[in-house]
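Peer 1: Pasting final_0.cif below, which is mmCIF, C-alpha atoms.
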```
data_final
loop_
_atom_site.label_atom_id
_atom_site.label_comp_id
_atom_site.auth_asym_id
_atom_site.auth_seq_id
_atom_site.Cartn_x
_atom_site.Cartn_y
_atom_site.Cartn_z
CA MET A 1 25.61 -7.36 -9.56
CA ASN A 2 24.93 -9.49 -6.52
CA ALA A 3 21.16 -9.74 -6.20
CA GLU A 4 21.32 -11.56 -2.87
CA LYS A 5 22.92 -8.61 -1.15
CA ILE A 6 20.67 -5.72 -2.24
CA PRO A 7 18.58 -4.50 0.72
CA ASP A 8 14.81 -4.86 0.28
CA ILE A 9 14.37 -1.15 1.01
CA ILE A 10 16.26 -0.39 -2.22
CA ILE A 11 14.24 -2.95 -4.19
CA GLY A 12 11.12 -1.21 -2.90
CA ARG A 13 12.21 2.08 -4.49
CA LEU A 14 12.98 0.64 -7.93
CA PRO A 15 9.28 0.32 -8.98
CA ILE A 16 8.82 3.99 -8.04
CA TYR A 17 11.75 5.00 -10.27
CA LEU A 18 10.51 2.75 -13.07
CA ARG A 19 7.01 4.22 -13.01
CA ALA A 20 8.36 7.79 -13.08
CA LEU A 21 10.71 6.92 -15.98
CA GLN A 22 7.83 5.32 -17.90
CA ARG A 23 5.80 8.53 -17.43
CA MET A 24 8.74 10.61 -18.68
CA SER A 25 9.11 8.30 -21.67
CA GLU A 26 5.40 8.63 -22.50
CA LYS A 27 5.94 12.41 -22.59
CA GLY A 28 8.70 11.88 -25.17
CA MET A 29 11.67 12.51 -22.87
CA LYS A 30 14.88 10.64 -23.74
CA THR A 31 17.27 11.51 -20.90
CA THR A 32 17.01 12.54 -17.28
CA SER A 33 19.21 13.28 -14.28
CA SER A 34 19.04 11.98 -10.73
CA GLN A 35 18.01 15.54 -9.73
CA GLU A 36 15.09 15.58 -12.15
CA LEU A 37 13.99 12.03 -11.32
CA GLY A 38 14.27 12.91 -7.64
CA GLU A 39 11.89 15.84 -8.03
CA HIS A 40 9.33 13.51 -9.65
CA VAL A 41 9.45 10.86 -6.94
CA GLY A 42 10.30 12.90 -3.84
CA ILE A 43 13.58 11.07 -3.16
CA SER A 44 16.99 12.77 -3.01
CA ALA A 45 19.25 12.69 -6.08
CA ALA A 46 22.05 11.20 -3.96
CA GLN A 47 19.81 8.35 -2.81
CA ILE A 48 18.71 7.62 -6.38
CA ARG A 49 22.31 7.54 -7.66
CA LYS A 50 23.29 5.26 -4.80
CA ASP A 51 20.33 2.91 -5.34
CA ILE A 52 20.85 2.61 -9.09
CA SER A 53 24.62 2.19 -8.81
CA GLN A 54 24.01 -1.03 -6.85
CA PHE A 55 23.19 -2.65 -10.19
CA GLY A 56 25.93 -1.20 -12.38
CA GLU A 57 27.06 2.01 -14.05
CA PHE A 58 23.89 3.09 -15.84
CA GLY A 59 24.40 6.86 -15.91
CA LYS A 60 27.09 9.07 -17.42
CA GLN A 61 28.67 12.01 -15.62
CA GLY A 62 27.35 15.17 -17.26
CA THR A 63 24.75 13.55 -19.55
CA GLY A 64 22.72 11.68 -16.92
CA TYR A 65 20.61 8.62 -17.62
CA SER A 66 19.19 7.41 -20.92
CA ILE A 67 15.50 6.90 -20.07
CA PRO A 68 14.85 3.94 -22.43
CA PHE A 69 18.08 2.24 -21.28
CA LEU A 70 17.28 2.71 -17.58
CA ILE A 71 13.68 1.52 -18.11
CA ASP A 72 15.01 -1.65 -19.77
CA LYS A 73 17.49 -2.24 -16.97
CA LEU A 74 14.90 -1.72 -14.21
CA ARG A 75 12.35 -3.93 -15.97
CA ASP A 76 15.06 -6.55 -16.25
CA ILE A 77 16.07 -6.26 -12.57
CA LEU A 78 12.46 -6.34 -11.34
CA LYS A 79 11.68 -9.22 -13.76
CA VAL A 80 8.79 -7.33 -15.36
CA ASN A 81 10.31 -7.54 -18.85
CA ARG A 82 7.69 -10.28 -19.22
CA MET A 83 3.98 -10.64 -18.36
CA TRP A 84 3.04 -12.19 -15.01
CA ASP A 85 -0.34 -13.86 -14.81
CA VAL A 86 -2.19 -12.83 -11.66
CA VAL A 87 -5.05 -14.51 -9.78
CA ILE A 88 -7.52 -12.57 -7.62
CA VAL A 89 -9.37 -14.33 -4.80
CA GLY A 90 -12.44 -12.41 -3.64
CA ALA A 91 -14.85 -10.84 -6.11
CA GLY A 92 -16.18 -8.11 -3.83
CA ASP A 93 -15.69 -4.36 -4.33
CA MET A 94 -11.92 -4.57 -3.92
CA GLY A 95 -11.63 -7.60 -6.21
CA HIS A 96 -13.63 -5.79 -8.88
CA ALA A 97 -11.50 -2.65 -8.51
CA LEU A 98 -8.27 -4.64 -8.90
CA ALA A 99 -9.60 -6.75 -11.78
CA ARG A 100 -10.28 -3.50 -13.63
CA TYR A 101 -7.13 -1.68 -12.57
CA PRO A 102 -6.00 -0.02 -15.79
CA ASP A 103 -2.30 0.26 -15.04
CA PHE A 104 -1.30 -3.42 -14.81
CA ALA A 105 -0.72 -4.22 -18.49
CA ASN A 106 2.18 -1.82 -19.05
CA ARG A 107 3.72 -2.71 -15.70
CA GLY A 108 4.09 -6.44 -16.34
CA PHE A 109 0.85 -7.94 -14.97
CA ARG A 110 -2.29 -9.49 -16.39
CA VAL A 111 -5.19 -10.55 -14.17
CA CYS A 112 -6.29 -13.82 -15.70
CA MET A 113 -8.45 -15.53 -13.05
CA ILE A 114 -10.83 -14.44 -10.30
CA PHE A 115 -12.33 -16.73 -7.66
CA ASP A 116 -14.92 -16.26 -4.95
CA LEU A 117 -16.12 -18.31 -2.00
CA ASP A 118 -19.75 -17.33 -2.61
CA ARG A 119 -21.38 -19.82 -5.00
CA ALA A 120 -23.97 -17.15 -5.89
CA LYS A 121 -21.22 -15.07 -7.54
CA VAL A 122 -19.71 -17.96 -9.51
CA GLY A 123 -20.37 -17.57 -13.24
CA GLN A 124 -20.83 -13.79 -13.06
CA ARG A 125 -18.57 -11.64 -15.24
CA VAL A 126 -15.94 -9.12 -14.14
CA GLY A 127 -14.74 -7.44 -17.31
CA ASP A 128 -13.42 -10.26 -19.53
CA LEU A 129 -13.22 -12.73 -16.66
CA THR A 130 -15.76 -15.17 -15.24
CA ILE A 131 -15.85 -15.60 -11.46
CA GLU A 132 -14.84 -19.18 -10.62
CA ASP A 133 -15.57 -21.29 -7.55
CA VAL A 134 -12.74 -21.16 -5.01
CA ALA A 135 -13.06 -24.95 -4.74
CA LYS A 136 -11.31 -25.13 -8.13
CA LEU A 137 -8.57 -22.65 -7.16
CA VAL A 138 -5.71 -25.00 -6.33
CA GLU A 139 -6.16 -27.10 -9.46
CA CYS A 140 -6.65 -24.18 -11.88
CA VAL A 141 -3.86 -21.98 -10.49
CA ARG A 142 -1.40 -24.85 -10.36
CA GLU A 143 -2.23 -25.93 -13.91
CA ALA A 144 -1.85 -22.37 -15.23
CA LYS A 145 1.44 -22.04 -13.28
CA ILE A 146 0.34 -18.69 -11.81
CA LYS A 147 2.89 -17.32 -9.35
CA VAL A 148 1.26 -14.01 -8.30
CA GLY A 149 -1.98 -13.59 -6.35
CA MET A 150 -4.08 -10.88 -4.72
CA VAL A 151 -6.32 -11.67 -1.74
CA THR A 152 -9.43 -9.50 -1.32
CA VAL A 153 -11.63 -11.70 0.87
CA PRO A 154 -13.00 -10.87 4.35
CA ALA A 155 -10.65 -11.29 7.32
CA SER A 156 -12.29 -14.56 8.32
CA SER A 157 -11.30 -16.35 5.08
CA ALA A 158 -7.95 -14.65 4.37
CA GLN A 159 -5.71 -17.32 5.90
CA GLU A 160 -7.62 -20.21 4.30
CA VAL A 161 -7.40 -18.57 0.88
CA THR A 162 -3.71 -17.78 1.37
CA ASP A 163 -3.05 -21.42 2.23
CA LYS A 164 -4.77 -22.47 -1.00
CA LEU A 165 -2.67 -20.06 -3.06
CA VAL A 166 0.52 -21.37 -1.44
CA GLN A 167 -0.61 -24.95 -2.08
CA ALA A 168 -1.18 -24.02 -5.74
CA GLY A 169 2.40 -22.74 -6.07
CA VAL A 170 1.84 -18.98 -5.80
CA LYS A 171 5.02 -17.22 -4.60
CA ALA A 172 3.96 -13.58 -4.31
CA ILE A 173 0.77 -12.48 -2.56
CA LEU A 174 -0.64 -8.98 -2.23
CA ASN A 175 -3.02 -9.11 0.72
CA TYR A 176 -5.85 -6.55 0.78
CA ALA A 177 -7.85 -8.43 3.44
CA PRO A 178 -8.23 -6.54 6.72
CA THR A 179 -5.95 -8.98 8.57
CA SER A 180 -2.40 -10.21 8.24
CA VAL A 181 -1.78 -13.72 6.94
CA ASN A 182 1.01 -16.23 7.41
CA ALA A 183 2.86 -17.96 4.58
CA PRO A 184 6.04 -20.03 4.30
CA SER A 185 9.28 -18.03 4.15
CA ASN A 186 9.71 -18.76 0.42
CA VAL A 187 6.41 -16.97 -0.34
CA HIS A 188 6.47 -13.16 -0.43
CA VAL A 189 3.49 -11.41 1.14
CA GLN A 190 2.72 -7.72 1.23
CA HIS A 191 -0.20 -6.39 3.23
CA ILE A 192 -2.07 -3.32 1.99
CA ASP A 193 -3.68 -1.88 5.09
CA PRO A 194 -5.23 1.58 4.61
CA ALA A 195 -5.30 2.21 8.37
CA ASN A 196 -1.53 1.64 8.55
CA HIS A 197 -0.94 4.05 5.70
CA LEU A 198 -3.17 6.68 7.29
CA GLN A 199 -1.49 6.29 10.70
CA ARG A 200 1.90 6.91 9.12
CA MET A 201 0.57 10.30 8.00
CA THR A 202 -1.40 11.32 11.10
CA TYR A 203 1.92 11.21 12.99
CA TYR A 204 2.83 14.40 11.13
CA LEU A 205 -0.46 16.23 11.60
CA GLU A 206 -1.11 18.88 14.25
CA MET B 1 11.55 12.66 22.46
CA ASN B 2 12.37 14.82 19.49
CA ALA B 3 9.66 14.15 16.91
CA GLU B 4 11.36 16.27 14.26
CA LYS B 5 14.36 13.98 14.12
CA ILE B 6 12.72 10.54 13.84
CA PRO B 7 13.26 9.11 10.33
CA ASP B 8 10.07 8.46 8.37
CA ILE B 9 11.11 4.83 7.84
CA ILE B 10 10.76 4.29 11.61
CA ILE B 11 7.41 6.08 11.71
CA GLY B 12 6.28 3.73 8.94
CA ARG B 13 6.94 0.70 11.14
CA LEU B 14 5.06 1.98 14.20
CA PRO B 15 1.56 1.26 12.74
CA ILE B 16 2.71 -2.31 12.05
CA TYR B 17 3.81 -2.74 15.68
CA LEU B 18 0.61 -1.11 16.93
CA ARG B 19 -1.61 -3.42 14.88
CA ALA B 20 0.24 -6.52 16.09
CA LEU B 21 0.03 -5.35 19.71
CA GLN B 22 -3.72 -4.70 19.33
CA ARG B 23 -4.15 -8.25 17.99
CA MET B 24 -2.18 -9.63 20.96
CA SER B 25 -4.30 -7.58 23.35
CA GLU B 26 -7.52 -8.91 21.76
CA LYS B 27 -6.23 -12.40 22.49
CA GLY B 28 -5.85 -11.44 26.16
CA MET B 29 -2.05 -11.10 26.20
CA LYS B 30 -0.65 -8.57 28.70
CA THR B 31 3.09 -8.55 27.99
CA THR B 32 5.37 -9.31 25.06
CA SER B 33 9.05 -9.20 24.12
CA SER B 34 10.75 -7.67 21.10
CA GLN B 35 11.49 -11.27 20.00
CA GLU B 36 7.82 -12.25 20.12
CA LEU B 37 6.62 -9.04 18.50
CA GLY B 38 9.30 -9.50 15.85
CA GLU B 39 8.00 -12.95 14.95
CA HIS B 40 4.51 -11.49 14.47
CA VAL B 41 5.59 -8.66 12.17
CA GLY B 42 8.63 -10.16 10.44
CA ILE B 43 11.05 -7.51 11.74
CA SER B 44 14.13 -8.28 13.84
CA ALA B 45 13.93 -7.90 17.62
CA ALA B 46 16.95 -5.58 17.54
CA GLN B 47 15.24 -3.29 15.02
CA ILE B 48 12.06 -3.18 17.08
CA ARG B 49 13.98 -2.31 20.27
CA LYS B 50 15.89 0.40 18.42
CA ASP B 51 12.74 1.86 16.84
CA ILE B 52 10.77 1.96 20.09
CA SER B 53 13.68 3.34 22.12
CA GLN B 54 13.59 6.47 19.92
CA PHE B 55 10.54 7.52 21.91
CA GLY B 56 11.62 6.62 25.45
CA GLU B 57 12.27 3.66 27.72
CA PHE B 58 9.07 1.66 27.28
CA GLY B 59 10.34 -1.85 28.02
CA LYS B 60 12.01 -3.43 31.03
CA GLN B 61 15.04 -5.71 30.84
CA GLY B 62 13.81 -9.22 31.60
CA THR B 63 10.08 -8.51 31.68
CA GLY B 64 9.67 -7.01 28.20
CA TYR B 65 6.89 -4.64 27.19
CA SER B 66 3.50 -4.12 28.82
CA ILE B 67 1.13 -4.48 25.84
CA PRO B 68 -1.54 -1.99 27.07
CA PHE B 69 1.15 0.55 27.97
CA LEU B 70 2.93 0.23 24.60
CA ILE B 71 -0.40 0.42 22.72
CA ASP B 72 -1.21 3.66 24.57
CA LYS B 73 2.22 5.10 23.81
CA LEU B 74 2.09 4.19 20.11
CA ARG B 75 -1.45 5.52 19.74
CA ASP B 76 -0.25 8.71 21.38
CA ILE B 77 2.82 9.01 19.14
CA LEU B 78 0.84 8.28 15.96
CA LYS B 79 -1.95 10.63 17.13
CA VAL B 80 -4.61 7.94 16.80
CA ASN B 81 -5.63 8.23 20.46
CA ARG B 82 -8.53 10.16 18.91
CA MET B 83 -10.89 9.64 15.94
CA TRP B 84 -9.94 11.20 12.60
CA ASP B 85 -12.79 11.96 10.25
CA VAL B 86 -11.99 10.77 6.71
CA VAL B 87 -13.44 11.84 3.36
CA ILE B 88 -13.48 9.53 0.32
CA VAL B 89 -13.60 11.00 -3.18
CA GLY B 90 -14.73 8.49 -5.79
CA ALA B 91 -17.65 6.13 -5.17
CA GLY B 92 -16.57 3.36 -7.54
CA ASP B 93 -15.53 -0.17 -6.53
CA MET B 94 -12.50 1.04 -4.57
CA GLY B 95 -14.46 3.82 -2.85
CA HIS B 96 -17.14 1.34 -1.80
CA ALA B 97 -14.51 -1.11 -0.53
CA LEU B 98 -12.82 1.59 1.57
CA ALA B 99 -16.11 3.05 2.85
CA ARG B 100 -16.93 -0.43 4.17
CA TYR B 101 -13.43 -1.28 5.42
CA PRO B 102 -14.14 -2.90 8.79
CA ASP B 103 -10.82 -2.16 10.46
CA PHE B 104 -10.86 1.67 10.56
CA ALA B 105 -12.87 2.26 13.74
CA ASN B 106 -10.45 0.64 16.18
CA ARG B 107 -7.45 2.17 14.39
CA GLY B 108 -8.51 5.82 14.78
CA PHE B 109 -10.49 6.55 11.61
CA ARG B 110 -14.12 7.12 10.68
CA VAL B 111 -15.20 7.59 7.07
CA CYS B 112 -17.80 10.34 7.34
CA MET B 113 -18.24 11.66 3.77
CA ILE B 114 -18.08 10.23 0.25
CA PHE B 115 -18.18 12.31 -2.93
CA ASP B 116 -18.38 11.44 -6.61
CA LEU B 117 -18.01 13.37 -9.85
CA ASP B 118 -20.85 11.45 -11.49
CA ARG B 119 -24.15 13.22 -10.82
CA ALA B 120 -25.97 9.91 -11.45
CA LYS B 121 -24.39 8.46 -8.29
CA VAL B 122 -25.18 11.46 -6.08
CA GLY B 123 -27.85 10.58 -3.51
CA GLN B 124 -27.12 6.83 -3.59
CA ARG B 125 -26.20 5.15 -0.31
CA VAL B 126 -22.90 3.49 0.64
CA GLY B 127 -23.51 1.89 4.02
CA ASP B 128 -24.56 4.73 6.32
CA LEU B 129 -23.31 7.44 3.95
CA THR B 130 -24.97 9.26 1.08
CA ILE B 131 -22.87 9.99 -2.00
CA GLU B 132 -22.48 13.76 -2.35
CA ASP B 133 -21.72 15.89 -5.39
CA VAL B 134 -18.01 16.72 -5.67
CA ALA B 135 -19.05 20.31 -6.41
CA LYS B 136 -19.84 20.62 -2.69
CA LEU B 137 -16.57 19.03 -1.56
CA VAL B 138 -14.50 22.10 -0.69
CA GLU B 139 -17.27 23.72 1.33
CA CYS B 140 -18.38 20.56 3.20
CA VAL B 141 -14.87 19.27 3.99
CA ARG B 142 -13.67 22.68 5.14
CA GLU B 143 -16.72 23.19 7.33
CA ALA B 144 -16.33 19.73 8.92
CA LYS B 145 -12.58 20.43 9.41
CA ILE B 146 -11.68 17.05 7.87
CA LYS B 147 -7.91 16.59 7.60
CA VAL B 148 -7.67 13.09 6.07
CA GLY B 149 -8.81 12.04 2.59
CA MET B 150 -8.72 9.03 0.27
CA VAL B 151 -8.78 9.49 -3.50
CA THR B 152 -10.32 6.64 -5.53
CA VAL B 153 -11.19 8.40 -8.80
CA PRO B 154 -9.88 7.55 -12.29
CA ALA B 155 -6.42 8.83 -13.27
CA SER B 156 -7.90 11.65 -15.33
CA SER B 157 -9.56 13.34 -12.33
CA ALA B 158 -7.05 12.49 -9.59
CA GLN B 159 -5.11 15.77 -9.66
CA GLU B 160 -8.26 17.91 -9.82
CA VAL B 161 -9.74 16.09 -6.83
CA THR B 162 -6.46 16.31 -4.90
CA ASP B 163 -6.38 20.07 -5.51
CA LYS B 164 -9.91 20.37 -4.10
CA LEU B 165 -8.97 18.38 -0.98
CA VAL B 166 -5.92 20.59 -0.45
CA GLN B 167 -8.06 23.70 -0.93
CA ALA B 168 -10.48 22.34 1.69
CA GLY B 169 -7.67 22.00 4.24
CA VAL B 170 -6.97 18.24 4.02
CA LYS B 171 -3.39 17.47 5.15
CA ALA B 172 -3.08 13.70 4.61
CA ILE B 173 -4.14 12.00 1.37
CA LEU B 174 -4.12 8.30 0.57
CA ASN B 175 -4.15 8.08 -3.22
CA TYR B 176 -5.59 4.90 -4.76
CA ALA B 177 -5.95 6.44 -8.24
CA PRO B 178 -3.75 4.80 -10.90
CA THR B 179 -1.55 7.90 -11.19
CA SER B 180 0.62 9.95 -8.87
CA VAL B 181 -0.61 13.39 -7.79
CA ASN B 182 1.15 16.56 -6.67
CA ALA B 183 0.38 18.43 -3.46
CA PRO B 184 2.08 21.21 -1.49
CA SER B 185 4.91 20.09 0.78
CA ASN B 186 2.80 20.57 3.93
CA VAL B 187 0.31 17.94 2.66
CA HIS B 188 1.26 14.28 3.10
CA VAL B 189 0.42 11.99 0.21
CA GLN B 190 0.83 8.23 0.00
CA HIS B 191 0.20 6.40 -3.25
CA ILE B 192 -1.19 2.85 -3.13
CA ASP B 193 -0.14 1.33 -6.43
CA PRO B 194 -0.72 -2.44 -6.69
CA ALA B 195 1.69 -2.72 -9.64
CA ASN B 196 4.48 -1.20 -7.53
CA HIS B 197 3.80 -3.62 -4.72
CA LEU B 198 3.76 -6.59 -7.11
CA GLN B 199 7.00 -5.47 -8.80
CA ARG B 200 8.73 -5.34 -5.45
CA MET B 201 7.91 -9.06 -5.07
CA THR B 202 8.59 -10.28 -8.63
CA TYR B 203 12.20 -9.18 -8.10
CA TYR B 204 12.57 -12.17 -5.81
CA LEU B 205 10.83 -14.74 -8.04
CA GLU B 206 12.63 -17.22 -10.26
#
```
Can the structure from this file be put into structure tokens for me?
Peer 2:
Amino acid sequence: MNAEKIPDIIIGRLPIYLRALQRMSEKGMKTTSSQELGEHVGISAAQIRKDISQFGEFGKQGTGYSIPFLIDKLRDILKVNRMWDVVIVGAGDMGHALARYPDFANRGFRVCMIFDLDRAKVGQRVGDLTIEDVAKLVECVREAKIKVGMVTVPASSAQEVTDKLVQAGVKAILNYAPTSVNAPSNVHVQHIDPANHLQRMTYYLE
Amino acid sequence: MNAEKIPDIIIGRLPIYLRALQRMSEKGMKTTSSQELGEHVGISAAQIRKDISQFGEFGKQGTGYSIPFLIDKLRDILKVNRMWDVVIVGAGDMGHALARYPDFANRGFRVCMIFDLDRAKVGQRVGDLTIEDVAKLVECVREAKIKVGMVTVPASSAQEVTDKLVQAGVKAILNYAPTSVNAPSNVHVQHIDPANHLQRMTYYLE
């Protein structure tokens, strides 16, 4: 396995396979085939076999894939065979929704801090968390060695907040703000933009 | 131009180009190059030229792309040279965040209805909208000929709500529920799953 050489487009499909396999496992299934997995995720069996074979020989001709084995391997590859602490910046509607997102725990993530720029919100509770002042962000996040962040602030503060996360040592940022942000090349940023996702679908509409 | 043949992966990049071009235009820029656009979106100049050339000869050797012209072309291709009415189902934190998302109007979308399953929420206001009873969804959405929907309900109701949207004639669904949903093959569904997006980044972390 040569991690450096695997195209990002393949990495992007692995979480989709992992989630589908976890669902199958919850239903008590023990084995699956690339055909069956493909039907669950809407990706061709050939593509799935090709993607998975990048990491080794995990399936057997005729018997298919062991679901628990493939889950372990994918969790290992994606580095979610551990818990990642996550910080949220922005305690608005989106921040609340993400802080309460029920599907993080069994996918390798735990939201452990939430910050806001609005002093009026500081001290309020979001589930088990207390909203902290963004002025403390760099110190707290650095001390807790948090590497994963989600940005849910308005467009006007998104870059400032991103800079603070980078300064604090965060290396992976999921940006829900309605603007793109810049970060150094060693920090991974993904932008969730509902308009982009909708436009990709309207292309196909009549 | 043969729309049938363009790979979906290319279609998925067009909204990213369009957004970047709109930003450039807002700053008063009139022309750009594939190199410059590439730096904005983090995609190689060669890839951008290849993607755009699928739809015609929109750039000129030496002078690059006219930003207003390329914006018009991309809006035309993505069918966002018009306003799409959008329905939201689920008036929780995520539904509120999306109903108030400030970047829809200039990207071709207008949230015009929001429904909830909780009768206690019905009649409450979200910005300019009134939360409606999901029992009225099929009738209202069909009558208004809405083709685009966003699902922000809990996992347990996501499939039921998706079925109602499909029944009402919706053809493009952005699913924010923490579960995948099934729809007929003529309905486009995209699943926004923050855990998937985070896992794609943890792969690269040490």
Peer 1: Using all atoms listed in the file, which of B:Gly62, B:Gly42, B:Gly12, B:Gly90 sits nearest chain A?
Peer 2: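 With all atoms listed in the file as the atom set, the closest residue is B:Gly12.
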Peer 1: Looking at all atoms listed in the file, which of A:Asp76, A:Asp128, A:Glu26, A:Glu143 is the one that sits closest to chain B?
Peer 2: A:Asp76
Peer 1: Could you work out an axis-aligned bounding box for all listed atoms of stretch 61-70 of chain A, with 6 Å added on each of the six sides, and give its centre and edge lengths in Å to one decimal, as lines of an AutoDock Vina configuration file?
Peer 2:
```
center_x = 21.8
center_y = 8.7
center_z = -19.0
size_x = 25.8
size_y = 24.9
size_z = 18.8
```
Peer 1: Restricting the calculation to all atoms listed in the file, which member of B:Thr152, B:Ser44, B:Gln124, B:Thr179 is positioned closest to B:Asn196?
Peer 2: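 When distances to B:Asn196 are compared using all atoms listed in the file, the smallest one comes from B:Thr179.
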Peer 1: Extract, using only C-alpha atoms, all DNA, RNA and protein residues at most 9 Å from B:Thr130, discarding same-chain residues fewer than 4 positions from it, and format them as a PyMOL selection string.
Peer 2: chain B and resi 113-115+122-126
Peer 1: Find the spatial neighbours of stretch 68-74 of chain A, counting only C-alpha atoms, within a cut-off of 7 Å - ignore same-chain residues fewer than 2 positions away - and output them as a PDB file with C-alpha atoms, in the frame of the given file.
Peer 2:
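After the write, part.pdb holds the following:
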```
ATOM      1  CA  LEU A  14      12.980   0.640  -7.930  1.00  0.00           C
ATOM      2  CA  LEU A  18      10.510   2.750 -13.070  1.00  0.00           C
ATOM      3  CA  LEU A  21      10.710   6.920 -15.980  1.00  0.00           C
ATOM      4  CA  GLN A  22       7.830   5.320 -17.900  1.00  0.00           C
ATOM      5  CA  LYS A  30      14.880  10.640 -23.740  1.00  0.00           C
ATOM      6  CA  PHE A  58      23.890   3.090 -15.840  1.00  0.00           C
ATOM      7  CA  TYR A  65      20.610   8.620 -17.620  1.00  0.00           C
ATOM      8  CA  SER A  66      19.190   7.410 -20.920  1.00  0.00           C
ATOM      9  CA  ASP A  76      15.060  -6.550 -16.250  1.00  0.00           C
ATOM     10  CA  ILE A  77      16.070  -6.260 -12.570  1.00  0.00           C
ATOM     11  CA  LEU A  78      12.460  -6.340 -11.340  1.00  0.00           C
TER      12      LEU A  78
END
```
Peer 1: Evaluating the PyMOL selection byres ((chain A) within 8 of (chain B)) on the displayed file yields which residues, as a count of residues only?
Peer 2: 39
Peer 1: So what do you get for atom CA of B:Cys112 versus atom CA of B:Arg142, distance-wise?
Peer 2: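 The value is 13.2 Å.
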Peer 1: Interatomic distance between atom CA of A:Ile67 and atom CA of A:Thr32?
Peer 2: 6.5 Å
Peer 1: Distance atom CA of B:Gly38-atom CA of B:Ile6, one decimal place?
Peer 2: 20.4 Å
Peer 1: Which residues are near B:Gly169? Cut-off 9 Å, all atoms listed in the file, ignore same chain within fewer than 4 positions. Put them as a list in words.
Peer 2: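 What passes the distance filter is Val138, Val141, Arg142, Lys145, Ile146, Lys147, Lys164 and Leu165 of chain B.
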Peer 1: Every residue with an atom at most 7 Å from (-19.9, 19.1, -5.9) (file coordinates; only C-alpha atoms) is what I'm after, so could you write them as a ChimeraX atom specification?
Peer 2: /B:132-137
